[in-house]
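Visitor: Sharing a structure, written as structure tokens. Questions coming.
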Amino acid sequence: MSVLVTGGAGYIGSHMVWELLDHGEDVVVLDRLSTGFDWAVAENATLVVGDIADEALVEDLIRNHDVDAIVHFAGSIIVPESVSDPLGYYLNNTVKSRSLIETAVRCGVRHFIFSSTAAVYGSPDSFPVGEDTELRPESPYGTSKMMTELMLRDCAAVHAFDYTALRYFNVSGADPDLRTGQSTKGATHLIKVACETVTGKRGHMDVFGTDYDTPDGTCIRDYIHVSDLVNAHYLALERMRAGGGSLVANCGYGNGYSVLEVIDAVKAVAQTDFDVRVTGRRPGDAVAIVAEAERCRRELGWKPRYDDLKTIVTHALKWETKLATRNRQ
Ligand code: UDP
């Protein structure tokens with residue numbers, strides 16, 4: 001029996017692979033390496049380079065490796081890019097997920113874990129935001145993920161199949177043992193960008209808007225450590241295997257930090273100053289989004305271990321430093 005991880009050569013996927021291996025699972029990774037890296041995949045996992053919508057390939061993998069569960073990370077993840085390329089996002093995130101789900105159902109895969117996003121909520125009227133809040137995505141990225149959640153819901157209602165959709169808040173940090181981390185080229189995420197500015201990969205960084213209706217005028221997010229996040233996936237897998245059924249749950253800590261607070265944390269951890277420039281708002285950004293985090297703890301027995309902004313930043317910065325050294329060699 002094994003677990004198929006799509007997008008397992010990417011940032012969160014490569015952490016998931018380690019989480020599964022650490023729990024003694026057999027792991028097959030399917031990744032087309034468009035943004036991921038083969039070297040990010042743990043040696044003890046089987047890497048297959050290919051597309052999730054290649055139904056013949058996926059069917060072979062499921063049968064040859066006796067796959068009982070799929071953890072689906074493959075997809076496109078940049079909100080502003082989705083605004084300029086909606087059809088690309090609906091293809092990668094919605095249409096291809098549909099193919100994968102169809103193959104899973106046809107081959108009798110019982111369990112499916114889906115990487116969803118807080119972007120399905122758009123700009124909620126208040127926070128923290130609970131799972132039953134109306135879904136009002138404000139970007140094609142958020143809509144593309146919401147549509148996949150709905151397909152899973154409808155399939156679980158009629159097929160011998162259950163799913164867990166985990167709605168990620170702002171995932172950051174790296175494996176504390178630095179076995180993997182965020183290596184994506186052209187990264188746009190705040191903590192990664194700030195760490196790249198510390199290591200000198202960037203000469204400066206921008207703050208996208210200081211005129212929001214928040215205490216310091218910058219957007220507020222709930223940053224979650226990637227190792228805690230993948231642990232929630234493992235617990236979700238155990239829960240489904242034990243017959244717990246389908247679940248939709250937020251993955252965040254319930255703590256909100258502004259862009260300026262995050263930048264200050266990076267400066268404090270790095271013990272250095274760097275060039276930060278205020279610029280205009282970025283399209284598609286919600287003003288504030290913080291998780292109501294109880295369901296994940298209650299349903300999965302999730303106990304976060306790295307619920308602390310400085311710890312997240314410390315691990316992110318250590319990884320960035322390792323990456324900078326690696327890339328110079
Ligand atoms: N942000 C910023 N400068 C950057 C990257 C991000 O000011 O170089 C802001 C962004 O506008 C948003 C917050 O940081 O308000 C979090 O953005 P990120 O891209 O990390 O995650 P998102 O919430 O968009 O998924």
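In the structure tokens, the first chain shown is A, the next is B, and so on; residue numbers restart at 1 for each chain, and ligands run from 1 in the order shown.
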Mind listing the residues within 9 Å of ligand 1, only C-alpha atoms and all ligand atoms counted, as JSON, numbers by chain?
Guide: {"A": [77, 78, 79, 80, 117, 118, 119, 169, 170, 171, 172, 187, 188, 189, 190, 191, 192, 193, 194, 205, 206, 207, 208, 209, 210, 218, 219, 220, 221, 222, 223, 258, 259, 260, 262, 278, 279, 281, 282, 283, 284, 285, 286, 287, 288, 289]}
Visitor: Which residues of stretch 157-229 of chain A have any atom within 10 Å of an atom in stretch 308-321 of chain A when counting only C-alpha atoms, and what is the closest pair of atoms for each, with the distance in Å to one decimal? Order the rows by chain and rising number and write it as JSON lines.
Guide:
{"residue": "A:Val171", "atom": "CA", "partner": "A:Ile312", "partner_atom": "CA", "distance": 9.4}
{"residue": "A:Ser172", "atom": "CA", "partner": "A:Ile312", "partner_atom": "CA", "distance": 6.5}
{"residue": "A:Gly173", "atom": "CA", "partner": "A:Ala316", "partner_atom": "CA", "distance": 4.1}
{"residue": "A:Ala174", "atom": "CA", "partner": "A:His315", "partner_atom": "CA", "distance": 5.3}
{"residue": "A:Asp175", "atom": "CA", "partner": "A:His315", "partner_atom": "CA", "distance": 7.1}
{"residue": "A:Pro176", "atom": "CA", "partner": "A:His315", "partner_atom": "CA", "distance": 6.0}
{"residue": "A:Asp177", "atom": "CA", "partner": "A:His315", "partner_atom": "CA", "distance": 8.8}
{"residue": "A:Leu178", "atom": "CA", "partner": "A:Trp319", "partner_atom": "CA", "distance": 6.2}
{"residue": "A:Arg179", "atom": "CA", "partner": "A:Trp319", "partner_atom": "CA", "distance": 9.0}
{"residue": "A:Thr180", "atom": "CA", "partner": "A:Trp319", "partner_atom": "CA", "distance": 7.8}
{"residue": "A:Gly181", "atom": "CA", "partner": "A:Trp319", "partner_atom": "CA", "distance": 6.0}
{"residue": "A:Gln182", "atom": "CA", "partner": "A:Trp319", "partner_atom": "CA", "distance": 7.6}
{"residue": "A:Ser183", "atom": "CA", "partner": "A:Glu320", "partner_atom": "CA", "distance": 8.1}
{"residue": "A:Ile191", "atom": "CA", "partner": "A:Val313", "partner_atom": "CA", "distance": 7.0}
{"residue": "A:Lys192", "atom": "CA", "partner": "A:Ala316", "partner_atom": "CA", "distance": 7.0}
{"residue": "A:Val193", "atom": "CA", "partner": "A:Glu320", "partner_atom": "CA", "distance": 9.9}
{"residue": "A:Ala194", "atom": "CA", "partner": "A:Leu317", "partner_atom": "CA", "distance": 8.9}
{"residue": "A:Cys195", "atom": "CA", "partner": "A:Leu317", "partner_atom": "CA", "distance": 5.5}
{"residue": "A:Glu196", "atom": "CA", "partner": "A:Glu320", "partner_atom": "CA", "distance": 6.7}
{"residue": "A:Thr197", "atom": "CA", "partner": "A:Glu320", "partner_atom": "CA", "distance": 10.0}
{"residue": "A:Val198", "atom": "CA", "partner": "A:Leu317", "partner_atom": "CA", "distance": 8.2}
{"residue": "A:Thr199", "atom": "CA", "partner": "A:Thr321", "partner_atom": "CA", "distance": 6.5}
{"residue": "A:Gly200", "atom": "CA", "partner": "A:Thr321", "partner_atom": "CA", "distance": 9.9}
{"residue": "A:Lys201", "atom": "CA", "partner": "A:Glu320", "partner_atom": "CA", "distance": 9.6}
{"residue": "A:Asp222", "atom": "CA", "partner": "A:Leu309", "partner_atom": "CA", "distance": 9.6}
{"residue": "A:Tyr223", "atom": "CA", "partner": "A:Leu309", "partner_atom": "CA", "distance": 7.3}
{"residue": "A:Ile224", "atom": "CA", "partner": "A:Ile312", "partner_atom": "CA", "distance": 7.6}
{"residue": "A:His225", "atom": "CA", "partner": "A:Ile312", "partner_atom": "CA", "distance": 5.7}
{"residue": "A:Val226", "atom": "CA", "partner": "A:Ile312", "partner_atom": "CA", "distance": 8.5}
{"residue": "A:Ser227", "atom": "CA", "partner": "A:Ile312", "partner_atom": "CA", "distance": 9.7}
Visitor: If you keep C-alpha atoms, can you produce a file of those selected residues as a PDB file, in the first residue's frame?
Guide:
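Output saved as again-v8.pdb:
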ATOM      1  CA  VAL A 171       2.411  28.613   4.653  1.00  0.00           C
ATOM      2  CA  SER A 172       6.042  29.437   5.448  1.00  0.00           C
ATOM      3  CA  GLY A 173       9.155  28.110   7.109  1.00  0.00           C
ATOM      4  CA  ALA A 174      11.096  24.961   6.311  1.00  0.00           C
ATOM      5  CA  ASP A 175      11.785  21.517   7.686  1.00  0.00           C
ATOM      6  CA  PRO A 176      13.617  22.176  11.018  1.00  0.00           C
ATOM      7  CA  ASP A 177      16.272  19.623   9.971  1.00  0.00           C
ATOM      8  CA  LEU A 178      16.601  21.460   6.621  1.00  0.00           C
ATOM      9  CA  ARG A 179      15.956  18.288   4.615  1.00  0.00           C
ATOM     10  CA  THR A 180      13.804  20.453   2.336  1.00  0.00           C
ATOM     11  CA  GLY A 181      12.449  23.983   2.158  1.00  0.00           C
ATOM     12  CA  GLN A 182      10.987  26.506  -0.232  1.00  0.00           C
ATOM     13  CA  SER A 183      13.153  26.545  -3.326  1.00  0.00           C
ATOM     14  CA  ILE A 191       8.561  35.614   4.199  1.00  0.00           C
ATOM     15  CA  LYS A 192      10.470  34.012   1.330  1.00  0.00           C
ATOM     16  CA  VAL A 193      10.933  37.391  -0.364  1.00  0.00           C
ATOM     17  CA  ALA A 194      12.130  38.977   2.890  1.00  0.00           C
ATOM     18  CA  CYS A 195      14.611  36.115   3.452  1.00  0.00           C
ATOM     19  CA  GLU A 196      15.904  36.484  -0.100  1.00  0.00           C
ATOM     20  CA  THR A 197      16.488  40.151   0.664  1.00  0.00           C
ATOM     21  CA  VAL A 198      18.495  39.177   3.751  1.00  0.00           C
ATOM     22  CA  THR A 199      20.748  36.807   1.787  1.00  0.00           C
ATOM     23  CA  GLY A 200      21.297  39.419  -0.941  1.00  0.00           C
ATOM     24  CA  LYS A 201      19.432  37.534  -3.659  1.00  0.00           C
ATOM     25  CA  ASP A 222      -2.112  34.009   9.487  1.00  0.00           C
ATOM     26  CA  TYR A 223       1.318  32.417   8.928  1.00  0.00           C
ATOM     27  CA  ILE A 224       1.585  28.668   9.499  1.00  0.00           C
ATOM     28  CA  HIS A 225       4.755  26.559   9.640  1.00  0.00           C
ATOM     29  CA  VAL A 226       4.957  24.076   6.779  1.00  0.00           C
ATOM     30  CA  SER A 227       5.893  21.191   9.119  1.00  0.00           C
TER      31      SER A 227
END
Visitor: Skipping near chain neighbours, those fewer than 4 positions away, what residues fall within 12 Å of A:Tyr234 using only C-alpha atoms, listed as a PyMOL selection string?
Guide: chain A and resi 3+5+15-25+69-71+111-113+164+166+227-230+238-241+300-302
Visitor: Go ahead and compute the interatomic distance for atom CA of A:Val105 and atom CA of A:Ser2, in Å to one decimal.
Guide: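 Atom CA of A:Ser2 lies 16.3 Å from atom CA of A:Val105.
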Visitor: With distances taken over only C-alpha atoms, which residue among A:Val129, A:Tyr89, A:Gly217, A:Gly186 lies nearest A:Tyr141?
Guide: A:Tyr89
Visitor: With only C-alpha atoms as the basis for distance, which of A:Glu131, A:Thr143, A:Asp275, A:Arg326 is at the shortest distance from A:Glu294?
Guide: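 Closest candidate: A:Glu131.
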Visitor: Go through A:Ser116, A:Glu43, A:Lys185, A:Ala157 and flag the residue nearest A:Tyr11, using only C-alpha atoms for the distances.
Guide: A:Lys185
